[in-house]
Each structure stands twice: as structure tokens, then as C-alpha cells.
Amino acid sequence: MIPNMRGALPIYFGDDLSDEPAFAAARKGIPILVGKRRATRAKYSLRGPAEVAVALSRLEETIR
């Protein structure tokens, strides 16, 4: 692990089956499936890119 990344909160957005390993790796963070709901390792889901933009804007506001 990169030393300056210890304690970081991973946030991962993905939209297909090739993202499943990343969802598993981000299990202690915020893995988010984007698109049609299906069986997944992601903890959360958003309907599409527009909802991703809203989520990122809200995250940015929260961090400020």
C-alpha cells in the first residue's frame, strides 16, 4: 500500500462485469454500480451518469 494512502476511503464507480474485482477491492469503501441493477459486489447503485454527477457534486460540497 502507498504510505500516504493509508486511511483513505476508496470510492469506485463501475458499470459492467469487468468492474467486479474493483468492487471487491473497495469493499471497505464505497463501491457503486452505475446502470441497471444486477447481482454485484457493489454496496450501492446509481441509475446512470447523471446520478454520478450529482453524487460527485454532493461529495465535493461535503468535503468543503
# chains A, B, ... in the order shown; residues from 1 in each chain; ligands from 1

call {"tool": "residues_around", "arguments": {"residues": "Asp15 in chain A", "least_positions_apart": "2", "cutoff": "9 Å", "atoms": "only C-alpha atoms", "output": "list in words"}}
result
Phe13, Leu17, Ser18, Asp19, Ile32, Leu33, Val34, Gly35, Lys36 and Gly48 of chain A

call {"tool": "select_by_dssp", "arguments": {"residues": "range 34-64 of chain A", "states": "strand (DSSP E or B)", "output": "VMD selection string"}}
result
chain A and resid 34 44 to 46

call {"tool": "write_last_selection", "arguments": {"atoms": "all heavy atoms", "output": "CSV table (one decimal), in the first residue's frame"}}
result
chain,number,residue,atom,x,y,z
A,34,VAL,N,-23.1,1.5,-11.5
A,34,VAL,CA,-23.8,2.6,-12.3
A,34,VAL,C,-24.6,1.8,-13.4
A,34,VAL,O,-24.0,1.1,-14.2
A,34,VAL,CB,-22.8,3.6,-12.9
A,34,VAL,CG1,-23.6,4.6,-13.7
A,34,VAL,CG2,-22.0,4.2,-11.8
A,44,TYR,N,-23.6,-0.1,-3.3
A,44,TYR,CA,-24.6,1.0,-3.7
A,44,TYR,C,-24.8,1.0,-5.2
A,44,TYR,O,-24.0,0.4,-6.0
A,44,TYR,CB,-24.0,2.3,-3.3
A,44,TYR,CG,-23.7,2.4,-1.8
A,44,TYR,CD1,-22.3,2.2,-1.4
A,44,TYR,CD2,-24.6,2.5,-0.8
A,44,TYR,CE1,-22.0,2.2,-0.1
A,44,TYR,CE2,-24.3,2.5,0.5
A,44,TYR,CZ,-23.0,2.4,0.9
A,44,TYR,OH,-22.6,2.4,2.2
A,45,SER,N,-25.8,1.6,-5.7
A,45,SER,CA,-26.1,1.7,-7.1
A,45,SER,C,-26.7,3.1,-7.4
A,45,SER,O,-27.3,3.7,-6.6
A,45,SER,CB,-27.0,0.6,-7.6
A,45,SER,OG,-28.3,0.8,-7.0
A,46,LEU,N,-26.4,3.5,-8.7
A,46,LEU,CA,-26.9,4.7,-9.2
A,46,LEU,C,-27.5,4.4,-10.6
A,46,LEU,O,-26.9,3.4,-11.3
A,46,LEU,CB,-25.8,5.8,-9.4
A,46,LEU,CG,-25.3,6.3,-8.0
A,46,LEU,CD1,-24.1,7.2,-8.3
A,46,LEU,CD2,-26.3,7.0,-7.2

call {"tool": "residues_around", "arguments": {"residues": "Pro31 in chain A", "least_positions_apart": "2", "cutoff": "9 Å", "atoms": "only C-alpha atoms", "output": "PyMOL selection string"}}
result
chain A and resi 10-14+22-29+33+41-45

call {"tool": "atom_distance", "arguments": {"atom1": "CA of Gly7 in chain A", "atom2": "CA of Ala53 in chain A"}}
result
24.9 Å

call {"tool": "select_by_dssp", "arguments": {"residues": "chain A", "states": "helix (DSSP H, G or I)", "output": "list in words"}}
result
Pro3, Asn4, Met5, Leu17, Ser18, Asp19, Glu20, Pro21, Ala22, Phe23, Ala24, Ala25, Pro49, Ala50, Glu51, Val52, Ala53, Val54, Ala55, Leu56, Ser57, Arg58, Leu59, Glu60, Glu61, Thr62 and Ile63 of chain A
